[in-house]
Amino acid sequence: MLHLDIKPANIMLRKEDDSVVVIDFGLAKHYDPKTGKQTTVYLGAGTPGYSPFEQSLSGGGIIEFTAATDIYSLGATLFAMVMGQRPPEAAIIPKEGLPVLPANLSESLRRTIQKSMTYSNEQRTQSIAEFMLLLDGGAQPPKPPKERSWWLLLAVCVCAAIGSFCVCTCVVHLV
């Protein structure tokens, strides 16, 4: 299942237990991961700034798609968190590029955002596993943060939600 509208407004933190919940599955679609074909008719275009170019194409949007569609939105959500502003619309990126990311970002976070928000679906991060490796610097699976790092907490939980078929919540226990 693809969410097709990952953005900060659709990610909530439960007060009781700090679990992250992805909400608003109004655009979500089932698809066959082997063929990329969707099983339902696509009607929505997502949110400007958080949707990749292929999601906004005229004539009905995505016909065939992969997890890279939601990975773009996840990268755009990380962009919004570190920049404090809505990401540029996908159609602008090939012409103007992404705005310069803050110098104090780790190289792995910078690469993760840039690769996830690549204009071309084929050149974009293709899986949650690849996304997590980029986020961790390409080494081993991510380690739990020692203190509350909201961007990492969000990334881990959204990745878990996107990577599963029907599960849309996860709990991260912070050390």
# chains A, B, ... in the order shown; residues from 1 in each chain; ligands from 1
>>> residues_around(residues="Leu4 in chain A", least_positions_apart="3", cutoff="8 Å", atoms="only C-alpha atoms", output="list in words")
Leu27, Ala28, Lys29, Gly46, Ser51, Thr69, Asp70 and Ser73 of chain A
>>> closest_residue(among="A:Ala67, A:Met12, A:Leu98, A:Ala80", to="Ala129 in chain A", atoms="only C-alpha atoms")
A:Ala67
>>> residues_around(residues="Lys95 in chain A", least_positions_apart="6", cutoff="12 Å", atoms="only C-alpha atoms", output="CSV table (one decimal) with C-alpha atoms, in the first residue's frame")
chain,number,residue,atom,x,y,z
A,88,PRO,CA,9.6,23.4,-3.4
A,89,GLU,CA,7.1,21.8,-5.9
A,119,TYR,CA,13.0,14.5,-9.8
>>> closest_residue(among="A:Ile71, A:Ile128, A:Ala9, A:Val22", to="Arg86 in chain A", atoms="only C-alpha atoms")
A:Ala9
>>> residues_around(residues="Ile92 in chain A", least_positions_apart="6", cutoff="12 Å", atoms="only C-alpha atoms", output="ChimeraX atom specification")
/A:48-49,52-53,98-99,117-119
>>> closest_residue(among="A:Thr47, A:Asn121, A:Ser116, A:Ser108", to="Leu134 in chain A", atoms="only C-alpha atoms")
A:Ser108
>>> atom_distance(atom1="CA of Ala68 in chain A", atom2="CA of Met132 in chain A")
13.2 Å
>>> residues_around(residues="Ile113 in chain A", least_positions_apart="3", cutoff="9 Å", atoms="only C-alpha atoms", output="list in words")
Tyr72, Leu74, Gly75, Ala76, Thr77, Leu78, Phe79, Ser108, Leu109, Arg110, Ser116, Met117, Thr118 and Leu135 of chain A
>>> residues_around(residues="Lys115 in chain A", least_positions_apart="3", cutoff="7 Å", atoms="only C-alpha atoms", output="ChimeraX atom specification")
/A:111-112,118,124-125
>>> write_last_selection(atoms="C-alpha atoms", output="compact mmCIF listing (two decimals), in the first residue's frame")
# COMPACT_ATOMS: atom_id res chain seq x y z
CA ARG A 111 22.22 12.95 1.05
CA THR A 112 19.02 11.27 2.20
CA THR A 118 15.34 13.51 -6.92
CA ARG A 124 15.34 8.29 -6.52
CA THR A 125 15.81 6.13 -3.44
>>> atom_distance(atom1="CA of Leu2 in chain A", atom2="CA of Arg14 in chain A")
22.4 Å
>>> select_by_dssp(residues="range 110-144 of chain A", states="alpha helix (DSSP H)", output="VMD selection string")
chain A and resid 110 to 116 128 to 135
>>> write_last_selection(atoms="N, CA, C and O atoms", output="compact mmCIF listing (two decimals), in the first residue's frame")
# COMPACT_ATOMS: atom_id res chain seq x y z
N ARG A 110 21.72 15.05 4.74
CA ARG A 110 21.73 15.86 3.52
C ARG A 110 21.55 14.97 2.28
O ARG A 110 20.71 15.22 1.43
N ARG A 111 22.33 13.88 2.19
CA ARG A 111 22.22 12.95 1.05
C ARG A 111 20.86 12.28 1.00
O ARG A 111 20.30 12.08 -0.08
N THR A 112 20.32 11.93 2.16
CA THR A 112 19.02 11.27 2.20
C THR A 112 17.93 12.18 1.63
O THR A 112 17.12 11.74 0.81
N ILE A 113 17.93 13.42 2.05
CA ILE A 113 16.93 14.38 1.53
C ILE A 113 17.12 14.57 0.04
O ILE A 113 16.17 14.49 -0.74
N GLN A 114 18.36 14.80 -0.40
CA GLN A 114 18.62 15.07 -1.81
C GLN A 114 18.26 13.87 -2.69
O GLN A 114 17.61 14.03 -3.72
N LYS A 115 18.66 12.68 -2.29
CA LYS A 115 18.38 11.48 -3.11
C LYS A 115 16.90 11.14 -3.10
O LYS A 115 16.36 10.70 -4.10
N SER A 116 16.24 11.34 -1.97
CA SER A 116 14.80 11.04 -1.88
C SER A 116 13.97 12.01 -2.69
O SER A 116 12.90 11.66 -3.17
N ILE A 128 12.56 1.47 1.30
CA ILE A 128 12.73 1.94 2.68
C ILE A 128 14.08 1.49 3.22
O ILE A 128 14.76 2.24 3.93
N ALA A 129 14.49 0.28 2.87
CA ALA A 129 15.80 -0.21 3.32
C ALA A 129 16.92 0.72 2.82
O ALA A 129 17.82 1.08 3.58
N GLU A 130 16.86 1.11 1.55
CA GLU A 130 17.85 2.03 0.99
C GLU A 130 17.78 3.40 1.68
O GLU A 130 18.80 4.01 1.98
N PHE A 131 16.56 3.87 1.94
CA PHE A 131 16.37 5.15 2.63
C PHE A 131 17.04 5.11 4.01
O PHE A 131 17.76 6.03 4.38
N MET A 132 16.80 4.04 4.75
CA MET A 132 17.36 3.93 6.10
C MET A 132 18.88 3.82 6.06
O MET A 132 19.56 4.37 6.93
N LEU A 133 19.43 3.11 5.08
CA LEU A 133 20.88 3.04 4.95
C LEU A 133 21.48 4.41 4.65
O LEU A 133 22.51 4.78 5.21
N LEU A 134 20.84 5.17 3.77
CA LEU A 134 21.30 6.53 3.49
C LEU A 134 21.26 7.39 4.74
O LEU A 134 22.20 8.12 5.04
N LEU A 135 20.18 7.29 5.47
CA LEU A 135 20.00 8.09 6.68
C LEU A 135 21.07 7.76 7.72
O LEU A 135 21.53 8.63 8.44
>>> closest_residue(among="A:Ser19, A:Thr66, A:Ser127, A:Gln85", to="Lys7 in chain A", atoms="only C-alpha atoms")
A:Gln85
>>> closest_residue(among="A:Glu96, A:Glu122, A:Asp5, A:Asp136", to="Phe25 in chain A", atoms="only C-alpha atoms")
A:Asp5
>>> closest_residue(among="A:Met1, A:Glu16, A:Glu54, A:Pro8", to="Ala90 in chain A", atoms="only C-alpha atoms")
A:Glu54
>>> atom_distance(atom1="CA of Asp18 in chain A", atom2="CA of Tyr50 in chain A")
24.3 Å
